[in-house]
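Visitor: Handing you a structure now.
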Amino acid sequence: MTARDLWLRVRALVFHGRVERELHEELDFHVEMQTRRHIAAGVDATEARRLAHTQFGSTALVEDRVRDARGIGFFETLLQDVRYAVRSFRRAPAFALTVVGTIALGLGLNAGVFTIFNAYVLTPFAVRDPYSLYEFTWDTRGGRFHRFTWPEFEQLRRDNAVFSDVYAERHQLVTRIDGHTAYTLLVTGNYFRMLGVDAALGRTLEPSDTAAPGREAVAVLSYAFWQRQFGSDPAVVGRTILIQGHPCEVVGVARPGFDGLSQTPPHDIWVPVTIDPLLEDGPSLFASNPPSRLGVVGRLKPGVSLRAARAALVVWAQHATEQLADQDKAATARLESRATSVPLSPMVMLALSPIAVAFALVLLIACANVANMMLARGLARQREIGIRLTLGAGRRRLVRQLLTESVLLALPAAAAGFAVSRLAVTGAVSAMLATMPSEFVEFIRVAPLPPDWRVLAFMIVAALGTGIVFGLAPALQTTRANVVQMARGDFGSDFGPWRLRRALVVAQITASVLLLITAAVLLRSAQRFANVDPGLRTRDVISLDIREPFRAKVLEALAASPVVLAIASASTIPLDASSPGVSVALPGRSDVFRTRYRFVSPGYFDVFEVAIRRGRNFTLEEARAGAAVAIVSETAAQQWWPDRDAIGQSLRIVPDRLVRDATARIGRHATVQVIGVALDTAADLGQTGPFHSAIHLPIDPTASDTGLVVRVYGEAEAARRSLDRSLAVAAPGAVQEIHKLQEFVAGRLYPFRAAYWVSGAVGALALLLTISGVYGVLSYLVAQRAKEIGIRIALGANASAVVSLVLGQSLRLAAIGLPIGVLLALGAARIFGWRVMMLQAFDPLAYVVGTLVVVIACVVASSFPALRAARLDPMTSLRAD
Amino acid sequence: MTTQHSSIDLLQGTLDLLILRTLQGDPMHGWAISDRIQQISQDVLQVGQGSLYPALHRLEHRGWIRAEWGVSELGRRARFYRLTPAGRRQLDVETADWEKMSGAIARVLKLA
């Protein structure tokens, strides 16, 4: 296609009328010239004109052929089809509206899901060249995930062939600033420069800020945090804020739209990594024996492929770790893109696929419904289409016109779907925030979910796709008519897209069954989960996570507080974090048992009201000394000493080699003696199910690295607030987190509740669409077989025989769809069931309920057409035609 | 129209060639083109309007001829076609092709 050609086509399209007039004029001129020629030859004027016209032939035909030659037929045909379609929609507005509404619903929900997916997985961070940023780590031979030490980072920065620059970050801190949660990231000074992020106010961090440890601490705020927390006050620069109790001077605010390379959660504050020694009680990053606690992100040099980089970095890592013990040597290098919040990896896609499939099923069901309606309409238009086919219209041309119609319906549906998706997204976010346990809302940051070009592109592609999906089959079906038959004027008898319509309904039933079974499984799991007795008193217990230097002050303040009834320390807070596992060996026996352990102070059993069934609690002296004694759970006692009294038995603890941090404390306990047996507690709900076998080991109530739990007087939320307030006075900056234990229970339950609400809603929608699909198909069936039913009634069939004839049809469809749906659900359970604990994927009751609901829906949907069939007047239906 | 040798319908490619050749001189309108072809071929070649105008528009789309409105000998507006440089090149190519083919056909008729 040349430029000239394109221009002529555009001109023909835009100045359609003018181009047509010109063509007409050109041909007219020809005839005029010819007429003159005849007149000049002596023919009289009227005859000359007639002769010229005859010679020329049909002007219209020539014009048509010129148009064909110009090749603009495509657009013109399109325009013609569009005009025709709009006219026909205007004649049947209810049909058009129903189609648009149905598709809008399906498209809108899918676009809503895509919007969220887009925000987290597809939208790159607003930094310079995000797609060249990779986080680099490696797995050790011992299977551990490596984090960098400071010297390792320095070495990587100095000599590597693949990154043009590298920055290091320490995992984020949860800080409380004026009672609000802020996520703080410790980074090296080149962070902002490398990402290409400027300051909106003041300055960002500079490499000089992290030149040496111990420089005065500065902080940079995110724009959003500055707006939220400081009301966009420009005087914030120069102010001092407390990070974990340490004063940091605010030197600037980063430019808007930058929240760090993380959406989960976005970062609020950046401070130089060199303040690490202030925050750590143990060895700091810059100590002689530095801990590994840095993540490292590098920018790949231009032209370095990911594969080459990985290969080079494996060598680098192996070289860097060759002095270490065998199990600490690097095995593989990992390079993970940091361009988006969630990298687009096969694992992520697998995890998200059930959601995508569920919503896509709704859209498909909607399409099936619309296709069914189009088929029914096709029947009504069969006469028109038949006549056109008989008159020689090309089938391809007719299919194209019918497809234009469906795409034309899909486009407004896309527009409406866009509105639906905005509603769905904002509705879902506010519903989530409203139903979430209140204390967690503080920690949740929902990424901005704007509809960007990707969402729009998704809408348009999905709309065109659905238009073709719901339009193609009916279009092919409708135009397959038998021309010979139609030439005889017979438009009805052979037209039976019956098989296709049945297949569509079967597919709908299958999808509904699948979705409803999933919803039922989730609902039952949530119920089961809610009913699990944690074995702990939770309703008036509050947990605190505090900063180490303030421990003594906090304990003192808590002891003095009037609302505190009991205080205890524990290495892990029950229901919050799962306690670590350990192997236990019994003297004189060869087998080793897995169990979970928790270090607790004596007050623990009082705070949580865990009864010590036999034996006794730890004494304070034992706790302070970290004596070699243990209290085991009932299950553990029964499991390990089924025929003996557990009290007085001894057991040997075999710590896992890989759990390094815990090794320090658990390693001190080699052989312990059982002094008590406590009631079982389901301390680790959700992740591993009720895990009863557990041992408790004593710990000093003032020991570091422990969480505090207190039982309070009166209403828990009021007590939590008053404690938070009084501690903010007694020990400012000490409290990192303070939660009601009940919130942890609710928090664990929440994903189940959310999941079953979503799957229930999706399933209900699918069911609704299926009901209308079944109704439509059977209504059609009754209409089509009216004559036959009329004959049956005339021959003496009673109402119940007719009703069961129709119901039988619907149940026959269900009989195909149901087992397929159940099989798919079983398959899905096999694939995804293992990913979520406490989920009983093969719950028979859920399967029965899901199936029954669909059967009932089918019966209800077909009962109306069935009754209509039973009331048919045989005389009328026989006389029709 | 002569009775001895009936007029010959033109093949599409041949018509294109004749139009291009006819337009080698001054710009012409459609009627003049058909008239010229008929005259020069001594009425052997009849250009039907049903194929002339589609061919003109097709050649215009190809960029070989360019159309402009001008005033005709009747004093009336008419669409004049003229050869573009690309059309000139195309004419050379087609003429060469035609000569090669007609020569070949002539040889076959003579010798086969």
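Residues are referred to by chain and number: the chain letter is A, B, ... according to the order shown in the structure tokens, the number counts from 1 in that chain, and ligands are numbered separately from 1 in the order shown.
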Fewer than 4 positions away in the same chain doesn't count, so skip those; otherwise give me all residues within 12 Å of Phe443 (chain A), counting only C-alpha atoms, as an mmCIF file with N, CA and C atoms, in the first residue's frame.
Guide:
data_model
loop_
_atom_site.group_PDB
_atom_site.id
_atom_site.type_symbol
_atom_site.label_atom_id
_atom_site.label_comp_id
_atom_site.auth_asym_id
_atom_site.auth_seq_id
_atom_site.Cartn_x
_atom_site.Cartn_y
_atom_site.Cartn_z
ATOM 1 N N VAL A 174 9.026 -1.869 60.908
ATOM 2 C CA VAL A 174 7.710 -1.311 61.163
ATOM 3 C C VAL A 174 7.893 -0.328 62.308
ATOM 4 N N THR A 175 7.742 0.939 61.980
ATOM 5 C CA THR A 175 7.976 1.991 62.964
ATOM 6 C C THR A 175 6.641 2.585 63.348
ATOM 7 N N ARG A 176 6.561 3.090 64.544
ATOM 8 C CA ARG A 176 5.349 3.838 64.891
ATOM 9 C C ARG A 176 5.715 5.300 65.024
ATOM 10 N N HIS A 180 1.023 5.996 64.481
ATOM 11 C CA HIS A 180 0.665 5.412 63.199
ATOM 12 C C HIS A 180 1.799 4.557 62.669
ATOM 13 N N THR A 181 1.430 3.512 61.949
ATOM 14 C CA THR A 181 2.442 2.615 61.428
ATOM 15 C C THR A 181 3.137 3.242 60.231
ATOM 16 N N ALA A 182 4.452 3.154 60.210
ATOM 17 C CA ALA A 182 5.206 3.613 59.048
ATOM 18 C C ALA A 182 6.205 2.526 58.694
ATOM 19 N N TYR A 183 6.350 2.276 57.389
ATOM 20 C CA TYR A 183 7.316 1.279 56.946
ATOM 21 C C TYR A 183 8.608 1.985 56.565
ATOM 22 N N THR A 264 3.929 -4.074 48.730
ATOM 23 C CA THR A 264 3.396 -4.917 49.810
ATOM 24 C C THR A 264 4.375 -4.934 50.961
ATOM 25 N N PRO A 265 4.456 -3.932 51.779
ATOM 26 C CA PRO A 265 3.780 -2.639 51.690
ATOM 27 C C PRO A 265 4.662 -1.623 50.992
ATOM 28 N N PRO A 266 4.102 -0.461 50.606
ATOM 29 C CA PRO A 266 4.943 0.614 50.092
ATOM 30 C C PRO A 266 5.757 1.219 51.237
ATOM 31 N N HIS A 267 6.874 1.812 50.923
ATOM 32 C CA HIS A 267 7.723 2.376 51.972
ATOM 33 C C HIS A 267 7.367 3.837 52.237
ATOM 34 N N ASP A 268 7.502 4.208 53.513
ATOM 35 C CA ASP A 268 7.140 5.560 53.929
ATOM 36 C C ASP A 268 8.373 6.397 54.220
ATOM 37 N N LEU A 433 -11.506 -3.405 53.501
ATOM 38 C CA LEU A 433 -11.060 -2.617 54.645
ATOM 39 C C LEU A 433 -12.112 -2.624 55.750
ATOM 40 N N MET A 436 -12.148 -6.255 57.413
ATOM 41 C CA MET A 436 -10.889 -6.758 57.949
ATOM 42 C C MET A 436 -10.804 -6.442 59.435
ATOM 43 N N PRO A 437 -10.150 -7.324 60.201
ATOM 44 C CA PRO A 437 -9.952 -7.003 61.618
ATOM 45 C C PRO A 437 -9.324 -5.615 61.751
ATOM 46 N N SER A 438 -9.919 -4.790 62.628
ATOM 47 C CA SER A 438 -9.615 -3.361 62.604
ATOM 48 C C SER A 438 -8.131 -3.047 62.793
ATOM 49 N N GLU A 439 -7.439 -3.818 63.644
ATOM 50 C CA GLU A 439 -6.054 -3.467 63.912
ATOM 51 C C GLU A 439 -5.157 -3.705 62.709
ATOM 52 N N GLU A 737 4.495 -2.891 68.169
ATOM 53 C CA GLU A 737 3.154 -3.364 67.839
ATOM 54 C C GLU A 737 2.435 -3.704 69.131
ATOM 55 N N HIS A 739 -1.335 -5.552 70.019
ATOM 56 C CA HIS A 739 -2.522 -6.157 69.412
ATOM 57 C C HIS A 739 -3.328 -6.935 70.435
#
Visitor: If you run DSSP on this backbone, which residues of chain B come out as alpha helix (DSSP H), and could you give them as a PDB file with N, CA and C atoms, in the first residue's frame?
Guide:
ATOM      1  N   GLN B  12      -7.059  -7.508 -18.648  1.00  0.00           N
ATOM      2  CA  GLN B  12      -6.857  -6.435 -17.667  1.00  0.00           C
ATOM      3  C   GLN B  12      -5.484  -5.803 -17.759  1.00  0.00           C
ATOM      4  N   GLY B  13      -4.468  -6.631 -17.773  1.00  0.00           N
ATOM      5  CA  GLY B  13      -3.102  -6.110 -17.799  1.00  0.00           C
ATOM      6  C   GLY B  13      -2.844  -5.305 -19.060  1.00  0.00           C
ATOM      7  N   THR B  14      -3.422  -5.781 -20.155  1.00  0.00           N
ATOM      8  CA  THR B  14      -3.237  -5.112 -21.440  1.00  0.00           C
ATOM      9  C   THR B  14      -3.861  -3.734 -21.423  1.00  0.00           C
ATOM     10  N   LEU B  15      -5.040  -3.628 -20.803  1.00  0.00           N
ATOM     11  CA  LEU B  15      -5.711  -2.344 -20.729  1.00  0.00           C
ATOM     12  C   LEU B  15      -4.854  -1.355 -19.953  1.00  0.00           C
ATOM     13  N   ASP B  16      -4.287  -1.826 -18.846  1.00  0.00           N
ATOM     14  CA  ASP B  16      -3.414  -0.960 -18.056  1.00  0.00           C
ATOM     15  C   ASP B  16      -2.287  -0.423 -18.934  1.00  0.00           C
ATOM     16  N   LEU B  17      -1.698  -1.328 -19.695  1.00  0.00           N
ATOM     17  CA  LEU B  17      -0.577  -0.935 -20.550  1.00  0.00           C
ATOM     18  C   LEU B  17      -1.016   0.124 -21.562  1.00  0.00           C
ATOM     19  N   LEU B  18      -2.167  -0.095 -22.157  1.00  0.00           N
ATOM     20  CA  LEU B  18      -2.649   0.844 -23.170  1.00  0.00           C
ATOM     21  C   LEU B  18      -2.964   2.202 -22.564  1.00  0.00           C
ATOM     22  N   ILE B  19      -3.545   2.183 -21.365  1.00  0.00           N
ATOM     23  CA  ILE B  19      -3.871   3.462 -20.721  1.00  0.00           C
ATOM     24  C   ILE B  19      -2.595   4.232 -20.446  1.00  0.00           C
ATOM     25  N   LEU B  20      -1.615   3.529 -19.880  1.00  0.00           N
ATOM     26  CA  LEU B  20      -0.351   4.198 -19.558  1.00  0.00           C
ATOM     27  C   LEU B  20       0.278   4.771 -20.832  1.00  0.00           C
ATOM     28  N   ARG B  21       0.270   3.973 -21.882  1.00  0.00           N
ATOM     29  CA  ARG B  21       0.878   4.410 -23.145  1.00  0.00           C
ATOM     30  C   ARG B  21       0.149   5.647 -23.685  1.00  0.00           C
ATOM     31  N   THR B  22      -1.198   5.616 -23.622  1.00  0.00           N
ATOM     32  CA  THR B  22      -2.005   6.712 -24.130  1.00  0.00           C
ATOM     33  C   THR B  22      -1.723   8.002 -23.379  1.00  0.00           C
ATOM     34  N   GLY B  30     -11.211  10.437 -19.272  1.00  0.00           N
ATOM     35  CA  GLY B  30     -11.539   9.045 -19.558  1.00  0.00           C
ATOM     36  C   GLY B  30     -12.073   8.820 -20.962  1.00  0.00           C
ATOM     37  N   TRP B  31     -12.973   9.708 -21.360  1.00  0.00           N
ATOM     38  CA  TRP B  31     -13.608   9.513 -22.671  1.00  0.00           C
ATOM     39  C   TRP B  31     -12.542   9.607 -23.761  1.00  0.00           C
ATOM     40  N   ALA B  32     -11.636  10.609 -23.624  1.00  0.00           N
ATOM     41  CA  ALA B  32     -10.595  10.810 -24.626  1.00  0.00           C
ATOM     42  C   ALA B  32      -9.685   9.591 -24.697  1.00  0.00           C
ATOM     43  N   ILE B  33      -9.393   9.008 -23.539  1.00  0.00           N
ATOM     44  CA  ILE B  33      -8.531   7.828 -23.516  1.00  0.00           C
ATOM     45  C   ILE B  33      -9.164   6.699 -24.325  1.00  0.00           C
ATOM     46  N   SER B  34     -10.426   6.443 -24.061  1.00  0.00           N
ATOM     47  CA  SER B  34     -11.071   5.319 -24.749  1.00  0.00           C
ATOM     48  C   SER B  34     -11.185   5.615 -26.247  1.00  0.00           C
ATOM     49  N   ASP B  35     -11.465   6.882 -26.527  1.00  0.00           N
ATOM     50  CA  ASP B  35     -11.606   7.267 -27.931  1.00  0.00           C
ATOM     51  C   ASP B  35     -10.277   7.092 -28.666  1.00  0.00           C
ATOM     52  N   ARG B  36      -9.186   7.527 -27.983  1.00  0.00           N
ATOM     53  CA  ARG B  36      -7.870   7.442 -28.603  1.00  0.00           C
ATOM     54  C   ARG B  36      -7.492   5.993 -28.873  1.00  0.00           C
ATOM     55  N   ILE B  37      -7.716   5.146 -27.897  1.00  0.00           N
ATOM     56  CA  ILE B  37      -7.346   3.744 -28.078  1.00  0.00           C
ATOM     57  C   ILE B  37      -8.101   3.146 -29.252  1.00  0.00           C
ATOM     58  N   GLN B  38      -9.379   3.468 -29.310  1.00  0.00           N
ATOM     59  CA  GLN B  38     -10.227   2.934 -30.372  1.00  0.00           C
ATOM     60  C   GLN B  38      -9.760   3.427 -31.744  1.00  0.00           C
ATOM     61  N   GLN B  39      -9.457   4.741 -31.781  1.00  0.00           N
ATOM     62  CA  GLN B  39      -9.009   5.332 -33.046  1.00  0.00           C
ATOM     63  C   GLN B  39      -7.727   4.699 -33.546  1.00  0.00           C
ATOM     64  N   ILE B  40      -6.731   4.714 -32.671  1.00  0.00           N
ATOM     65  CA  ILE B  40      -5.413   4.271 -33.104  1.00  0.00           C
ATOM     66  C   ILE B  40      -5.434   2.813 -33.492  1.00  0.00           C
ATOM     67  N   GLN B  49     -16.632   0.913 -20.944  1.00  0.00           N
ATOM     68  CA  GLN B  49     -16.512   1.823 -19.797  1.00  0.00           C
ATOM     69  C   GLN B  49     -16.488   1.025 -18.489  1.00  0.00           C
ATOM     70  N   GLY B  50     -17.138  -0.157 -18.549  1.00  0.00           N
ATOM     71  CA  GLY B  50     -17.188  -1.004 -17.351  1.00  0.00           C
ATOM     72  C   GLY B  50     -15.800  -1.417 -16.895  1.00  0.00           C
ATOM     73  N   SER B  51     -14.840  -1.427 -17.833  1.00  0.00           N
ATOM     74  CA  SER B  51     -13.495  -1.772 -17.374  1.00  0.00           C
ATOM     75  C   SER B  51     -12.581  -0.548 -17.367  1.00  0.00           C
ATOM     76  N   LEU B  52     -12.893   0.466 -18.182  1.00  0.00           N
ATOM     77  CA  LEU B  52     -12.003   1.636 -18.246  1.00  0.00           C
ATOM     78  C   LEU B  52     -11.909   2.365 -16.911  1.00  0.00           C
ATOM     79  N   TYR B  53     -13.098   2.713 -16.369  1.00  0.00           N
ATOM     80  CA  TYR B  53     -13.051   3.537 -15.161  1.00  0.00           C
ATOM     81  C   TYR B  53     -12.498   2.789 -13.948  1.00  0.00           C
ATOM     82  N   PRO B  54     -12.916   1.542 -13.744  1.00  0.00           N
ATOM     83  CA  PRO B  54     -12.252   0.802 -12.647  1.00  0.00           C
ATOM     84  C   PRO B  54     -10.745   0.774 -12.841  1.00  0.00           C
ATOM     85  N   ALA B  55     -10.300   0.588 -14.111  1.00  0.00           N
ATOM     86  CA  ALA B  55      -8.856   0.513 -14.354  1.00  0.00           C
ATOM     87  C   ALA B  55      -8.194   1.841 -14.027  1.00  0.00           C
ATOM     88  N   LEU B  56      -8.828   2.948 -14.422  1.00  0.00           N
ATOM     89  CA  LEU B  56      -8.246   4.268 -14.135  1.00  0.00           C
ATOM     90  C   LEU B  56      -8.078   4.468 -12.629  1.00  0.00           C
ATOM     91  N   HIS B  57      -9.139   4.108 -11.903  1.00  0.00           N
ATOM     92  CA  HIS B  57      -9.070   4.320 -10.449  1.00  0.00           C
ATOM     93  C   HIS B  57      -8.051   3.394  -9.800  1.00  0.00           C
ATOM     94  N   ARG B  58      -7.943   2.184 -10.335  1.00  0.00           N
ATOM     95  CA  ARG B  58      -6.972   1.246  -9.796  1.00  0.00           C
ATOM     96  C   ARG B  58      -5.558   1.776 -10.017  1.00  0.00           C
ATOM     97  N   LEU B  59      -5.303   2.291 -11.239  1.00  0.00           N
ATOM     98  CA  LEU B  59      -3.972   2.822 -11.543  1.00  0.00           C
ATOM     99  C   LEU B  59      -3.671   4.048 -10.676  1.00  0.00           C
ATOM    100  N   GLU B  60      -4.693   4.816 -10.403  1.00  0.00           N
ATOM    101  CA  GLU B  60      -4.505   5.977  -9.544  1.00  0.00           C
ATOM    102  C   GLU B  60      -4.092   5.530  -8.138  1.00  0.00           C
ATOM    103  N   HIS B  61      -4.753   4.471  -7.669  1.00  0.00           N
ATOM    104  CA  HIS B  61      -4.404   3.952  -6.345  1.00  0.00           C
ATOM    105  C   HIS B  61      -2.997   3.397  -6.323  1.00  0.00           C
ATOM    106  N   ARG B  62      -2.577   2.826  -7.438  1.00  0.00           N
ATOM    107  CA  ARG B  62      -1.208   2.295  -7.505  1.00  0.00           C
ATOM    108  C   ARG B  62      -0.182   3.423  -7.552  1.00  0.00           C
ATOM    109  N   PRO B  85       5.812   9.897 -12.545  1.00  0.00           N
ATOM    110  CA  PRO B  85       7.115   9.286 -12.801  1.00  0.00           C
ATOM    111  C   PRO B  85       7.078   7.779 -12.562  1.00  0.00           C
ATOM    112  N   ALA B  86       6.389   7.362 -11.504  1.00  0.00           N
ATOM    113  CA  ALA B  86       6.292   5.922 -11.226  1.00  0.00           C
ATOM    114  C   ALA B  86       5.573   5.225 -12.369  1.00  0.00           C
ATOM    115  N   GLY B  87       4.534   5.911 -12.924  1.00  0.00           N
ATOM    116  CA  GLY B  87       3.785   5.350 -14.042  1.00  0.00           C
ATOM    117  C   GLY B  87       4.662   5.207 -15.281  1.00  0.00           C
ATOM    118  N   ARG B  88       5.545   6.217 -15.486  1.00  0.00           N
ATOM    119  CA  ARG B  88       6.461   6.166 -16.616  1.00  0.00           C
ATOM    120  C   ARG B  88       7.355   4.922 -16.523  1.00  0.00           C
ATOM    121  N   ARG B  89       7.876   4.698 -15.315  1.00  0.00           N
ATOM    122  CA  ARG B  89       8.740   3.522 -15.118  1.00  0.00           C
ATOM    123  C   ARG B  89       7.953   2.242 -15.378  1.00  0.00           C
ATOM    124  N   GLN B  90       6.710   2.243 -14.854  1.00  0.00           N
ATOM    125  CA  GLN B  90       5.883   1.053 -15.008  1.00  0.00           C
ATOM    126  C   GLN B  90       5.595   0.794 -16.495  1.00  0.00           C
ATOM    127  N   LEU B  91       5.387   1.891 -17.230  1.00  0.00           N
ATOM    128  CA  LEU B  91       5.118   1.758 -18.658  1.00  0.00           C
ATOM    129  C   LEU B  91       6.301   1.090 -19.366  1.00  0.00           C
ATOM    130  N   ASP B  92       7.540   1.525 -19.014  1.00  0.00           N
ATOM    131  CA  ASP B  92       8.726   0.907 -19.608  1.00  0.00           C
ATOM    132  C   ASP B  92       8.756  -0.581 -19.321  1.00  0.00           C
ATOM    133  N   VAL B  93       8.518  -0.925 -18.069  1.00  0.00           N
ATOM    134  CA  VAL B  93       8.561  -2.333 -17.674  1.00  0.00           C
ATOM    135  C   VAL B  93       7.521  -3.130 -18.456  1.00  0.00           C
ATOM    136  N   GLU B  94       6.313  -2.589 -18.491  1.00  0.00           N
ATOM    137  CA  GLU B  94       5.232  -3.338 -19.128  1.00  0.00           C
ATOM    138  C   GLU B  94       5.416  -3.439 -20.648  1.00  0.00           C
ATOM    139  N   THR B  95       5.933  -2.358 -21.197  1.00  0.00           N
ATOM    140  CA  THR B  95       6.182  -2.407 -22.640  1.00  0.00           C
ATOM    141  C   THR B  95       7.206  -3.496 -22.958  1.00  0.00           C
ATOM    142  N   ALA B  96       8.280  -3.504 -22.186  1.00  0.00           N
ATOM    143  CA  ALA B  96       9.311  -4.519 -22.409  1.00  0.00           C
ATOM    144  C   ALA B  96       8.722  -5.922 -22.264  1.00  0.00           C
ATOM    145  N   ASP B  97       7.923  -6.108 -21.210  1.00  0.00           N
ATOM    146  CA  ASP B  97       7.296  -7.414 -20.970  1.00  0.00           C
ATOM    147  C   ASP B  97       6.430  -7.802 -22.165  1.00  0.00           C
ATOM    148  N   TRP B  98       5.658  -6.795 -22.607  1.00  0.00           N
ATOM    149  CA  TRP B  98       4.714  -7.077 -23.683  1.00  0.00           C
ATOM    150  C   TRP B  98       5.466  -7.504 -24.952  1.00  0.00           C
ATOM    151  N   GLU B  99       6.543  -6.770 -25.248  1.00  0.00           N
ATOM    152  CA  GLU B  99       7.290  -7.096 -26.455  1.00  0.00           C
ATOM    153  C   GLU B  99       7.896  -8.477 -26.354  1.00  0.00           C
ATOM    154  N   LYS B 100       8.401  -8.779 -25.168  1.00  0.00           N
ATOM    155  CA  LYS B 100       8.980 -10.107 -24.980  1.00  0.00           C
ATOM    156  C   LYS B 100       7.919 -11.169 -25.236  1.00  0.00           C
ATOM    157  N   MET B 101       6.734 -10.940 -24.686  1.00  0.00           N
ATOM    158  CA  MET B 101       5.698 -11.959 -24.788  1.00  0.00           C
ATOM    159  C   MET B 101       5.152 -12.059 -26.209  1.00  0.00           C
ATOM    160  N   SER B 102       4.884 -10.904 -26.802  1.00  0.00           N
ATOM    161  CA  SER B 102       4.292 -10.989 -28.142  1.00  0.00           C
ATOM    162  C   SER B 102       5.294 -11.603 -29.114  1.00  0.00           C
ATOM    163  N   GLY B 103       6.587 -11.280 -28.915  1.00  0.00           N
ATOM    164  CA  GLY B 103       7.618 -11.893 -29.739  1.00  0.00           C
ATOM    165  C   GLY B 103       7.616 -13.402 -29.570  1.00  0.00           C
ATOM    166  N   ALA B 104       7.500 -13.807 -28.319  1.00  0.00           N
ATOM    167  CA  ALA B 104       7.516 -15.236 -28.029  1.00  0.00           C
ATOM    168  C   ALA B 104       6.320 -15.924 -28.663  1.00  0.00           C
ATOM    169  N   ILE B 105       5.153 -15.278 -28.511  1.00  0.00           N
ATOM    170  CA  ILE B 105       3.944 -15.885 -29.084  1.00  0.00           C
ATOM    171  C   ILE B 105       4.073 -15.969 -30.611  1.00  0.00           C
ATOM    172  N   ALA B 106       4.600 -14.881 -31.183  1.00  0.00           N
ATOM    173  CA  ALA B 106       4.757 -14.859 -32.640  1.00  0.00           C
ATOM    174  C   ALA B 106       5.663 -16.008 -33.099  1.00  0.00           C
ATOM    175  N   ARG B 107       6.750 -16.204 -32.330  1.00  0.00           N
ATOM    176  CA  ARG B 107       7.656 -17.294 -32.704  1.00  0.00           C
ATOM    177  C   ARG B 107       6.960 -18.645 -32.622  1.00  0.00           C
ATOM    178  N   VAL B 108       6.189 -18.803 -31.545  1.00  0.00           N
ATOM    179  CA  VAL B 108       5.496 -20.087 -31.384  1.00  0.00           C
ATOM    180  C   VAL B 108       4.530 -20.312 -32.548  1.00  0.00           C
ATOM    181  N   LEU B 109       3.790 -19.229 -32.898  1.00  0.00           N
ATOM    182  CA  LEU B 109       2.816 -19.380 -33.975  1.00  0.00           C
ATOM    183  C   LEU B 109       3.486 -19.724 -35.303  1.00  0.00           C
ATOM    184  N   LYS B 110       4.667 -19.144 -35.464  1.00  0.00           N
ATOM    185  CA  LYS B 110       5.353 -19.351 -36.733  1.00  0.00           C
ATOM    186  C   LYS B 110       5.978 -20.739 -36.822  1.00  0.00           C
ATOM    187  N   LEU B 111       6.622 -21.149 -35.707  1.00  0.00           N
ATOM    188  CA  LEU B 111       7.475 -22.337 -35.772  1.00  0.00           C
ATOM    189  C   LEU B 111       6.861 -23.618 -35.224  1.00  0.00           C
TER     190      LEU B 111
END
Visitor: Pull out every residue of chain A that has at least one atom within 12 Å of chain B, counting only C-alpha atoms, and report them as a ChimeraX atom specification.
Guide: /A:1-12,19,22-37,52-72
Visitor: Would you work out the distance separating CA of Ala94 (chain A) from CA of Gly378 (chain A), expressed in Å to one decimal?
Guide: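 According to the coordinates, CA of Ala94 (chain A) and CA of Gly378 (chain A) are separated by 15.5 Å.
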Visitor: Give me the residues near Leu565 (chain A) as a VMD selection string, where near means some atom within 12 Å (using only C-alpha atoms) and where sequence neighbours in that chain fewer than 2 positions away do not count.
Guide: chain A and resid 540 to 542 558 to 563 567 to 568 603 606 to 608 709 to 714 719
Visitor: Excluding Arg395 (chain A) and its own-chain neighbours fewer than 5 positions away, which residues fall within 12 Å of it when counting only C-alpha atoms? Please give them as a PyMOL selection string.
Guide: chain A and resi 385-386+388-390+400-402+475-483
Visitor: Would you give me, as a list in words, the residues in region 263-302 of chain A that DSSP reads as strand (DSSP E or B)?
Guide: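 Across region 263-302 of chain A, those assigned strand (DSSP E or B) are Ile269, Trp270, Val271, Pro272, Leu294, Gly295, Val296, Val297, Gly298, Arg299 and Leu300 of chain A.
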Visitor: Here is a test: counting only C-alpha atoms, which residue of A:Arg128, A:Arg87, A:Arg596, A:Arg18 is nearest to Gly581 (chain A)?
Guide: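 The answer is A:Arg596, which sits nearest to Gly581 (chain A).
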Visitor: Figure out the distance between CA of Ile275 (chain A) and CA of Thr210 (chain A), please, to one decimal in Å.
Guide: 8.7 Å
Visitor: So that I can check the surroundings of Phe192 (chain A), please list as a PyMOL selection string every protein, DNA and RNA residue that reaches within 10 Å of it, counting only C-alpha atoms and ignoring chain neighbours fewer than 3 positions away.
Guide: chain A and resi 127+167+187-189+195-199+204-207+254+260+270
Visitor: When you look at Asp159 (chain A) with a cut-off of 12 Å (counting only C-alpha atoms), what residues show up, excluding the ones that are within fewer than 3 positions of it in the same chain? I need them as a ChimeraX atom specification.
Guide: /A:152-156,162-166,312-313,316-317,320
Visitor: Got a sec: who's within 10 Å of Phe752 (chain A), counting only C-alpha atoms, leaving out chain neighbours fewer than 2 positions off, as a list of chain:residue names?
Guide: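 So the residues in contact are A:Leu522, A:Leu523, A:Arg524, A:Ser525, A:Ala526, A:Gln527, A:Phe529, A:Ala530, A:Gly686, A:Gly747, A:Arg748, A:Leu749, A:Tyr750, A:Ala754, A:Ala755, A:Tyr756, A:Trp757, A:Val758, A:Val836, A:Met838, A:Leu839.
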